[in-house]
$ cat upload-v4.pdb   # PDB, C-alpha atoms and all ligand atoms
ATOM      1  CA  MET A   1      16.710   0.461  23.043  1.00  0.00           C
ATOM      2  CA  ARG A   2      15.207   3.899  23.431  1.00  0.00           C
ATOM      3  CA  LEU A   3      13.907   5.509  20.271  1.00  0.00           C
ATOM      4  CA  ILE A   4      16.365   8.400  20.480  1.00  0.00           C
ATOM      5  CA  ASP A   5      19.261   5.934  20.813  1.00  0.00           C
ATOM      6  CA  ALA A   6      18.142   4.077  17.684  1.00  0.00           C
ATOM      7  CA  LEU A   7      17.953   7.364  15.784  1.00  0.00           C
ATOM      8  CA  ARG A   8      21.404   8.410  17.008  1.00  0.00           C
ATOM      9  CA  LYS A   9      22.986   5.039  16.240  1.00  0.00           C
ATOM     10  CA  ARG A  10      21.764   4.654  12.680  1.00  0.00           C
ATOM     11  CA  ARG A  11      24.476   4.646  10.019  1.00  0.00           C
ATOM     12  CA  SER A  12      24.681   3.430   6.457  1.00  0.00           C
ATOM     13  CA  VAL A  13      26.286  -0.001   6.400  1.00  0.00           C
ATOM     14  CA  THR A  14      27.627  -1.754   3.322  1.00  0.00           C
ATOM     15  CA  ARG A  15      29.462  -4.710   4.879  1.00  0.00           C
ATOM     16  CA  TYR A  16      27.211  -7.516   5.991  1.00  0.00           C
ATOM     17  CA  SER A  17      28.080 -10.650   7.927  1.00  0.00           C
ATOM     18  CA  HIS A  18      27.647 -14.070   6.262  1.00  0.00           C
ATOM     19  CA  LYS A  19      25.145 -14.841   9.014  1.00  0.00           C
ATOM     20  CA  LYS A  20      21.601 -14.628   7.724  1.00  0.00           C
ATOM     21  CA  PRO A  21      19.399 -12.159   9.579  1.00  0.00           C
ATOM     22  CA  ASP A  22      16.135 -13.435  11.017  1.00  0.00           C
ATOM     23  CA  TRP A  23      13.476 -12.454   8.451  1.00  0.00           C
ATOM     24  CA  ARG A  24      10.960 -11.979  11.276  1.00  0.00           C
ATOM     25  CA  LYS A  25      12.964  -9.002  12.480  1.00  0.00           C
ATOM     26  CA  ILE A  26      12.731  -7.455   9.031  1.00  0.00           C
ATOM     27  CA  LEU A  27       8.958  -7.906   9.052  1.00  0.00           C
ATOM     28  CA  ARG A  28       8.808  -6.305  12.483  1.00  0.00           C
ATOM     29  CA  ALA A  29      10.777  -3.321  11.193  1.00  0.00           C
ATOM     30  CA  ILE A  30       8.378  -2.999   8.258  1.00  0.00           C
ATOM     31  CA  ASP A  31       5.531  -3.155  10.749  1.00  0.00           C
ATOM     32  CA  TYR A  32       6.779   0.083  12.342  1.00  0.00           C
ATOM     33  CA  ALA A  33       6.525   1.849   8.984  1.00  0.00           C
ATOM     34  CA  ARG A  34       2.734   1.717   9.378  1.00  0.00           C
ATOM     35  CA  PHE A  35       2.614   4.130  12.280  1.00  0.00           C
ATOM     36  CA  ILE A  36       3.048   7.366  10.396  1.00  0.00           C
ATOM     37  CA  PRO A  37       0.946  10.422   9.620  1.00  0.00           C
ATOM     38  CA  SER A  38      -0.410  10.484   6.053  1.00  0.00           C
ATOM     39  CA  ALA A  39      -2.315  13.128   4.084  1.00  0.00           C
ATOM     40  CA  GLY A  40      -6.000  12.206   4.138  1.00  0.00           C
ATOM     41  CA  ASN A  41      -5.046   9.122   6.106  1.00  0.00           C
ATOM     42  CA  ILE A  42      -4.246   7.448   2.782  1.00  0.00           C
ATOM     43  CA  TYR A  43      -1.440   4.926   3.154  1.00  0.00           C
ATOM     44  CA  ALA A  44       0.080   4.201  -0.251  1.00  0.00           C
ATOM     45  CA  ILE A  45       3.312   2.349   0.424  1.00  0.00           C
ATOM     46  CA  LYS A  46       4.113  -1.307  -0.168  1.00  0.00           C
ATOM     47  CA  PHE A  47       7.212  -3.257   0.795  1.00  0.00           C
ATOM     48  CA  ILE A  48       8.666  -6.213  -1.086  1.00  0.00           C
ATOM     49  CA  LEU A  49      10.932  -8.530   0.891  1.00  0.00           C
ATOM     50  CA  VAL A  50      13.256 -10.250  -1.579  1.00  0.00           C
ATOM     51  CA  SER A  51      15.180 -13.380  -0.608  1.00  0.00           C
ATOM     52  CA  ASP A  52      15.409 -15.129  -3.985  1.00  0.00           C
ATOM     53  CA  LYS A  53      19.141 -15.219  -4.824  1.00  0.00           C
ATOM     54  CA  GLU A  54      18.634 -14.836  -8.568  1.00  0.00           C
ATOM     55  CA  LYS A  55      16.435 -11.778  -8.021  1.00  0.00           C
ATOM     56  CA  ILE A  56      18.936 -10.262  -5.592  1.00  0.00           C
ATOM     57  CA  LYS A  57      21.604 -10.699  -8.270  1.00  0.00           C
ATOM     58  CA  LYS A  58      19.476  -8.955 -10.899  1.00  0.00           C
ATOM     59  CA  ILE A  59      18.522  -6.131  -8.518  1.00  0.00           C
ATOM     60  CA  THR A  60      22.204  -5.649  -7.701  1.00  0.00           C
ATOM     61  CA  GLU A  61      22.992  -5.349 -11.395  1.00  0.00           C
ATOM     62  CA  ALA A  62      20.237  -2.742 -11.746  1.00  0.00           C
ATOM     63  CA  THR A  63      21.793  -0.670  -8.928  1.00  0.00           C
ATOM     64  CA  GLN A  64      25.365  -1.106 -10.193  1.00  0.00           C
ATOM     65  CA  GLN A  65      26.395  -1.154  -6.517  1.00  0.00           C
ATOM     66  CA  PRO A  66      27.954  -4.534  -5.675  1.00  0.00           C
ATOM     67  CA  PHE A  67      27.462  -4.260  -1.891  1.00  0.00           C
ATOM     68  CA  VAL A  68      23.724  -4.648  -2.477  1.00  0.00           C
ATOM     69  CA  GLY A  69      24.317  -8.241  -3.570  1.00  0.00           C
ATOM     70  CA  LYS A  70      26.180  -9.100  -0.347  1.00  0.00           C
ATOM     71  CA  ALA A  71      22.937  -9.047   1.638  1.00  0.00           C
ATOM     72  CA  HIS A  72      20.730 -12.107   2.174  1.00  0.00           C
ATOM     73  CA  PHE A  73      17.629  -9.965   1.960  1.00  0.00           C
ATOM     74  CA  ILE A  74      16.579  -6.837   0.131  1.00  0.00           C
ATOM     75  CA  VAL A  75      13.563  -4.727   0.975  1.00  0.00           C
ATOM     76  CA  VAL A  76      12.159  -2.710  -1.905  1.00  0.00           C
ATOM     77  CA  VAL A  77       9.988   0.206  -0.819  1.00  0.00           C
ATOM     78  CA  THR A  78       7.388   1.336  -3.322  1.00  0.00           C
ATOM     79  CA  SER A  79       4.677   3.962  -3.355  1.00  0.00           C
ATOM     80  CA  ASP A  80       1.618   4.619  -5.469  1.00  0.00           C
ATOM     81  CA  PRO A  81       1.377   8.370  -6.199  1.00  0.00           C
ATOM     82  CA  ARG A  82      -2.003   7.890  -7.935  1.00  0.00           C
ATOM     83  CA  LYS A  83      -3.614   7.247  -4.561  1.00  0.00           C
ATOM     84  CA  LEU A  84      -2.685  10.748  -3.371  1.00  0.00           C
ATOM     85  CA  GLN A  85      -3.125  12.470  -6.724  1.00  0.00           C
ATOM     86  CA  ARG A  86      -6.746  11.338  -6.896  1.00  0.00           C
ATOM     87  CA  PRO A  87      -7.838  13.589  -3.990  1.00  0.00           C
ATOM     88  CA  TYR A  88      -5.018  16.161  -4.073  1.00  0.00           C
ATOM     89  CA  GLY A  89      -4.025  16.576  -7.738  1.00  0.00           C
ATOM     90  CA  GLU A  90      -0.452  17.735  -8.325  1.00  0.00           C
ATOM     91  CA  ARG A  91       0.105  18.262  -4.579  1.00  0.00           C
ATOM     92  CA  GLY A  92      -0.487  14.558  -4.169  1.00  0.00           C
ATOM     93  CA  LYS A  93       2.899  13.785  -5.740  1.00  0.00           C
ATOM     94  CA  LYS A  94       4.646  15.791  -3.048  1.00  0.00           C
ATOM     95  CA  TYR A  95       2.481  14.245  -0.330  1.00  0.00           C
ATOM     96  CA  MET A  96       3.456  10.819  -1.604  1.00  0.00           C
ATOM     97  CA  CYS A  97       7.185  11.595  -1.398  1.00  0.00           C
ATOM     98  CA  LEU A  98       6.770  12.987   2.109  1.00  0.00           C
ATOM     99  CA  GLN A  99       4.851   9.922   3.253  1.00  0.00           C
ATOM    100  CA  SER A 100       7.442   7.616   1.832  1.00  0.00           C
ATOM    101  CA  GLY A 101      10.284   9.457   3.561  1.00  0.00           C
ATOM    102  CA  VAL A 102       8.561   9.295   6.936  1.00  0.00           C
ATOM    103  CA  ALA A 103       7.769   5.587   6.528  1.00  0.00           C
ATOM    104  CA  ILE A 104      11.344   4.830   5.497  1.00  0.00           C
ATOM    105  CA  GLY A 105      12.616   6.776   8.524  1.00  0.00           C
ATOM    106  CA  ASN A 106      10.511   4.614  10.843  1.00  0.00           C
ATOM    107  CA  PHE A 107      11.615   1.463   9.044  1.00  0.00           C
ATOM    108  CA  MET A 108      15.304   2.360   9.294  1.00  0.00           C
ATOM    109  CA  ALA A 109      15.079   3.259  12.992  1.00  0.00           C
ATOM    110  CA  ALA A 110      13.286  -0.020  13.697  1.00  0.00           C
ATOM    111  CA  LEU A 111      16.002  -1.982  11.861  1.00  0.00           C
ATOM    112  CA  VAL A 112      18.563  -0.475  14.262  1.00  0.00           C
ATOM    113  CA  GLU A 113      16.343  -1.444  17.186  1.00  0.00           C
ATOM    114  CA  PHE A 114      16.338  -5.077  15.942  1.00  0.00           C
ATOM    115  CA  GLY A 115      20.121  -5.149  15.410  1.00  0.00           C
ATOM    116  CA  LEU A 116      20.020  -4.991  11.622  1.00  0.00           C
ATOM    117  CA  ALA A 117      21.919  -2.780   9.222  1.00  0.00           C
ATOM    118  CA  THR A 118      21.151  -1.270   5.844  1.00  0.00           C
ATOM    119  CA  LYS A 119      21.847   1.532   3.422  1.00  0.00           C
ATOM    120  CA  TRP A 120      19.199   3.464   1.513  1.00  0.00           C
ATOM    121  CA  VAL A 121      19.961   2.971  -2.175  1.00  0.00           C
ATOM    122  CA  ARG A 122      18.119   5.220  -4.577  1.00  0.00           C
ATOM    123  CA  PHE A 123      20.308   4.992  -7.650  1.00  0.00           C
ATOM    124  CA  PHE A 124      19.125   2.198  -9.916  1.00  0.00           C
ATOM    125  CA  TYR A 125      17.617   1.441 -13.287  1.00  0.00           C
ATOM    126  CA  GLU A 126      13.997   1.447 -12.256  1.00  0.00           C
ATOM    127  CA  ASP A 127      12.682  -0.393 -15.321  1.00  0.00           C
ATOM    128  CA  LYS A 128      14.973  -3.343 -14.663  1.00  0.00           C
ATOM    129  CA  ILE A 129      13.864  -3.669 -11.061  1.00  0.00           C
ATOM    130  CA  LYS A 130      10.220  -3.416 -12.059  1.00  0.00           C
ATOM    131  CA  ARG A 131      10.729  -6.224 -14.543  1.00  0.00           C
ATOM    132  CA  VAL A 132      12.441  -8.481 -11.991  1.00  0.00           C
ATOM    133  CA  LEU A 133       9.735  -7.971  -9.359  1.00  0.00           C
ATOM    134  CA  SER A 134       6.693  -7.533 -11.643  1.00  0.00           C
ATOM    135  CA  ILE A 135       6.048  -4.049 -10.266  1.00  0.00           C
ATOM    136  CA  PRO A 136       3.470  -2.118 -12.337  1.00  0.00           C
ATOM    137  CA  GLU A 137       4.673   0.845 -14.377  1.00  0.00           C
ATOM    138  CA  GLU A 138       2.719   3.466 -12.343  1.00  0.00           C
ATOM    139  CA  ILE A 139       4.310   2.471  -9.030  1.00  0.00           C
ATOM    140  CA  SER A 140       7.398   4.364  -7.813  1.00  0.00           C
ATOM    141  CA  ILE A 141      10.374   2.648  -6.282  1.00  0.00           C
ATOM    142  CA  ASP A 142      11.544   4.853  -3.417  1.00  0.00           C
ATOM    143  CA  GLY A 143      14.406   2.783  -2.124  1.00  0.00           C
ATOM    144  CA  ILE A 144      16.284  -0.479  -2.220  1.00  0.00           C
ATOM    145  CA  PHE A 145      17.430  -1.626   1.207  1.00  0.00           C
ATOM    146  CA  PRO A 146      19.937  -4.487   1.447  1.00  0.00           C
ATOM    147  CA  ILE A 147      19.480  -5.876   4.950  1.00  0.00           C
ATOM    148  CA  GLY A 148      22.233  -7.540   6.913  1.00  0.00           C
ATOM    149  CA  ILE A 149      24.072  -7.848  10.164  1.00  0.00           C
ATOM    150  CA  GLU A 150      26.907  -5.369  10.428  1.00  0.00           C
ATOM    151  CA  THR A 151      30.372  -6.963  10.384  1.00  0.00           C
ATOM    152  CA  LYS A 152      32.351  -4.191  11.949  1.00  0.00           C
ATOM    153  CA  LEU A 153      31.593  -0.788  13.324  1.00  0.00           C
ATOM    154  CA  LYS A 154      32.012   2.062  10.917  1.00  0.00           C
ATOM    155  CA  THR A 155      34.653   4.457  12.136  1.00  0.00           C
ATOM    156  CA  GLN A 156      34.043   7.119   9.527  1.00  0.00           C
ATOM    157  CA  ALA A 157      33.776  10.621  10.960  1.00  0.00           C
ATOM    158  CA  GLU A 158      30.283  11.921  11.514  1.00  0.00           C
ATOM    159  CA  VAL A 159      28.959  13.979   8.659  1.00  0.00           C
ATOM    160  CA  PHE A 160      25.745  15.168  10.231  1.00  0.00           C
ATOM    161  CA  PRO A 161      24.883  18.862  10.121  1.00  0.00           C
ATOM    162  CA  LEU A 162      25.159  20.799  13.345  1.00  0.00           C
ATOM    163  CA  LEU A 163      21.890  21.748  15.027  1.00  0.00           C
ATOM    164  CA  GLU A 164      22.874  25.418  14.891  1.00  0.00           C
ATOM    165  CA  ASN A 165      23.134  25.182  11.121  1.00  0.00           C
ATOM    166  CA  ILE A 166      19.664  23.790  10.553  1.00  0.00           C
ATOM    167  CA  ILE A 167      17.499  25.906  12.830  1.00  0.00           C
ATOM    168  CA  PHE A 168      16.099  29.439  12.506  1.00  0.00           C
ATOM    169  CA  PHE A 169      13.934  31.303  15.006  1.00  0.00           C
ATOM    170  CA  ASP A 170      10.800  33.243  14.129  1.00  0.00           C
ATOM    171  CA  LYS A 171      11.971  33.984  10.581  1.00  0.00           C
ATOM    172  CA  TRP A 172      14.152  32.681   7.739  1.00  0.00           C
ATOM    173  CA  GLU A 173      17.868  33.016   8.541  1.00  0.00           C
ATOM    174  CA  GLN A 174      17.234  34.375  12.054  1.00  0.00           C
ATOM    175  CA  LYS A 175      19.846  32.387  13.972  1.00  0.00           C
ATOM    176  CA  GLU A 176      19.405  33.903  17.412  1.00  0.00           C
ATOM    177  CA  MET A 177      16.622  32.856  19.698  1.00  0.00           C
ATOM    178  CA  THR A 178      14.798  35.742  21.304  1.00  0.00           C
ATOM    179  CA  LEU A 179      12.548  34.856  24.176  1.00  0.00           C
ATOM    180  CA  LYS A 180       9.368  36.827  23.908  1.00  0.00           C
ATOM    181  CA  ALA A 181       7.672  35.673  27.061  1.00  0.00           C
ATOM    182  CA  ARG A 182       8.820  35.554  30.647  1.00  0.00           C
ATOM    183  CA  VAL A 183       9.701  31.971  31.506  1.00  0.00           C
ATOM    184  CA  LEU A 184       8.020  30.881  34.667  1.00  0.00           C
ATOM    185  CA  GLU A 185       9.516  28.048  36.613  1.00  0.00           C
ATOM    186  CA  GLU A 186       6.194  26.201  36.822  1.00  0.00           C
ATOM    187  CA  SER A 187       5.749  26.300  33.049  1.00  0.00           C
ATOM    188  CA  LEU A 188       8.863  24.203  32.354  1.00  0.00           C
TER     189      LEU A 188
HETATM  190  C1  LIG B   1      17.375   9.475  -1.191  1.00  0.00           C
HETATM  191  C2  LIG B   1      18.692   8.790  -0.890  1.00  0.00           C
HETATM  192  C3  LIG B   1      19.357   8.142  -1.900  1.00  0.00           C
HETATM  193  C4  LIG B   1      20.540   7.424  -1.640  1.00  0.00           C
HETATM  194  N1  LIG B   1      21.104   6.671  -2.623  1.00  0.00           N
HETATM  195  C5  LIG B   1      22.226   5.974  -2.363  1.00  0.00           C
HETATM  196  C6  LIG B   1      22.790   5.113  -3.345  1.00  0.00           C
HETATM  197  O1  LIG B   1      22.266   4.940  -4.453  1.00  0.00           O
HETATM  198  N2  LIG B   1      23.924   4.449  -3.005  1.00  0.00           N
HETATM  199  C7  LIG B   1      24.532   4.568  -1.788  1.00  0.00           C
HETATM  200  O2  LIG B   1      25.570   3.942  -1.554  1.00  0.00           O
HETATM  201  N3  LIG B   1      23.992   5.369  -0.833  1.00  0.00           N
HETATM  202  C8  LIG B   1      22.858   6.053  -1.080  1.00  0.00           C
HETATM  203  N4  LIG B   1      22.289   6.804  -0.085  1.00  0.00           N
HETATM  204  C9  LIG B   1      22.886   6.803   1.263  1.00  0.00           C
HETATM  205  C10 LIG B   1      23.649   8.079   1.566  1.00  0.00           C
HETATM  206  O3  LIG B   1      24.807   8.144   0.793  1.00  0.00           O
HETATM  207  C11 LIG B   1      23.979   8.144   3.081  1.00  0.00           C
HETATM  208  O4  LIG B   1      22.788   8.130   3.815  1.00  0.00           O
HETATM  209  C12 LIG B   1      24.792   9.363   3.413  1.00  0.00           C
HETATM  210  O5  LIG B   1      26.093   9.267   2.869  1.00  0.00           O
HETATM  211  C13 LIG B   1      24.932   9.617   4.925  1.00  0.00           C
HETATM  212  O6  LIG B   1      25.545   8.542   5.572  1.00  0.00           O
HETATM  213  P1  LIG B   1      24.815   7.813   6.802  1.00  0.00           P
HETATM  214  O7  LIG B   1      23.531   7.197   6.241  1.00  0.00           O
HETATM  215  O8  LIG B   1      25.780   6.794   7.311  1.00  0.00           O
HETATM  216  O9  LIG B   1      24.455   8.837   7.813  1.00  0.00           O
HETATM  217  C14 LIG B   1      21.103   7.480  -0.325  1.00  0.00           C
HETATM  218  C15 LIG B   1      20.434   8.161   0.674  1.00  0.00           C
HETATM  219  C16 LIG B   1      19.227   8.796   0.419  1.00  0.00           C
HETATM  220  C17 LIG B   1      18.481   9.462   1.557  1.00  0.00           C
END
$ encode --input "upload-v4.pdb" --output "structure tokens"
Amino acid sequence: MRLIDALRKRRSVTRYSHKKPDWRKILRAIDYARFIPSAGNIYAIKFILVSDKEKIKKITEATQQPFVGKAHFIVVVTSDPRKLQRPYGERGKKYMCLQSGVAIGNFMAALVEFGLATKWVRFFYEDKIKRVLSIPEEISIDGIFPIGIETKLKTQAEVFPLLENIIFFDKWEQKEMTLKARVLEESL
């Protein structure tokens, strides 16, 4: 699959087949989360692949979202803001969030590539999840990702913003594009 097709195809999925996904595919998707830019080249994200049924049950309770418990696997994405705050102070917190978002984007696109489905879950009782997985207090949990094989295609209408509503040219709220230079055929 081409990268742009994987990005276009991605949707949140909450219904997972009884068939267990191949865990190797999940590891491969996590592998793609390594190839991201990071401030100071400091990579501060860790992934926990959870397959223990009892732990999945407890994590599901902590999210209060029953579909989470329908998956055979859950990936918990964590980040360590201290690693970016050390060199960058307060800015480091923001850098950490940005890094995490980019890594999760790669991870989610790669899941599509490997035929797997998920939904980014960010509502949960963090303390409970930390207790279940022995995650230290200082670590942030940036997402819970139940991983499964989609049972049926989602027919819900697309909710994505239109390109024209998310782009400005040359200044804030400038919606028209004004070409400043002559376009030469050989420069395209
Ligand atoms: C930071 C973040 C937090 C989210 N938290 C939840 C959540 O707790 N539960 C849930 O069902 N979906 C959650 N979502 C998924 C969004 O609801 C979903 O991406 C959105 O409705 C768009 O649908 P799509 O992913 O199919 O394009 C979250 C998404 C993001 C990016």
$ residues_near_ligand --input "upload-v4.pdb" --ligand "ligand LIG 1 (chain B)" --cutoff "7 Å" --atoms "all atoms listed in the file" --output "list in words"
Arg10, Arg11, Ser12, Val13, Lys119, Trp120, Val121, Arg122, Phe123, Phe124, Val159 and Phe160 of chain A
$ write_last_selection --input "upload-v4.pdb" --atoms "C-alpha atoms" --output "PDB file, in the coordinates of the input"
ATOM      1  CA  ARG A  10      21.764   4.654  12.680  1.00  0.00           C
ATOM      2  CA  ARG A  11      24.476   4.646  10.019  1.00  0.00           C
ATOM      3  CA  SER A  12      24.681   3.430   6.457  1.00  0.00           C
ATOM      4  CA  VAL A  13      26.286  -0.001   6.400  1.00  0.00           C
ATOM      5  CA  LYS A 119      21.847   1.532   3.422  1.00  0.00           C
ATOM      6  CA  TRP A 120      19.199   3.464   1.513  1.00  0.00           C
ATOM      7  CA  VAL A 121      19.961   2.971  -2.175  1.00  0.00           C
ATOM      8  CA  ARG A 122      18.119   5.220  -4.577  1.00  0.00           C
ATOM      9  CA  PHE A 123      20.308   4.992  -7.650  1.00  0.00           C
ATOM     10  CA  PHE A 124      19.125   2.198  -9.916  1.00  0.00           C
ATOM     11  CA  VAL A 159      28.959  13.979   8.659  1.00  0.00           C
ATOM     12  CA  PHE A 160      25.745  15.168  10.231  1.00  0.00           C
TER      13      PHE A 160
END
$ closest_atom_pairs --input "upload-v4.pdb" --of "region 115-178 of chain A" --to "region 67-73 of chain A" --cutoff "8 Å" --atoms "only C-alpha atoms" --output "tab-separated table"
residue	atom	partner	partner_atom	distance
A:Phe145	CA	A:Val68	CA	7.9
A:Pro146	CA	A:Val68	CA	5.5
A:Ile147	CA	A:Phe73	CA	5.4
A:Gly148	CA	A:Ala71	CA	5.5
$ atom_distance --input "upload-v4.pdb" --atom1 "CA of Glu137 (chain A)" --atom2 "CA of Asp80 (chain A)"
10.1 Å
$ resolve_selection --input "upload-v4.pdb" --expression "the PyMOL selection byres (((chain A and resi 22) around 12) and not hetatm)" --output "number ranges by chain"
A: 19-21, 23-29, 51, 72-73, 111, 114-116, 147-149
$ closest_residue --input "upload-v4.pdb" --among "A:Ser134, A:Thr118, A:Gln85, A:Asn165" --to "Ser17 (chain A)" --atoms "all atoms listed in the file"
A:Thr118
$ atom_distance --input "upload-v4.pdb" --atom1 "CA of Met96 (chain A)" --atom2 "CA of Glu138 (chain A)"
13.0 Å
$ atom_distance --input "upload-v4.pdb" --atom1 "CA of Glu54 (chain A)" --atom2 "CA of Ala117 (chain A)"
21.7 Å
$ axis_aligned_box --input "upload-v4.pdb" --around "region 72-83 of chain A" --padding-each-side "5 Å" --output "JSON"
{"center_x": 8.6, "center_y": -1.9, "center_z": -2.9, "size_x": 34.3, "size_y": 30.5, "size_z": 20.1}
$ closest_residue --input "upload-v4.pdb" --among "A:Ala109, A:Ala62, A:Ala39, A:Leu133" --to "Val77 (chain A)" --atoms "all atoms listed in the file"
A:Leu133
$ closest_residue --input "upload-v4.pdb" --among "A:Ile167, A:Leu179, A:Leu162, A:Ala110" --to "Leu7 (chain A)" --atoms "only C-alpha atoms"
A:Ala110
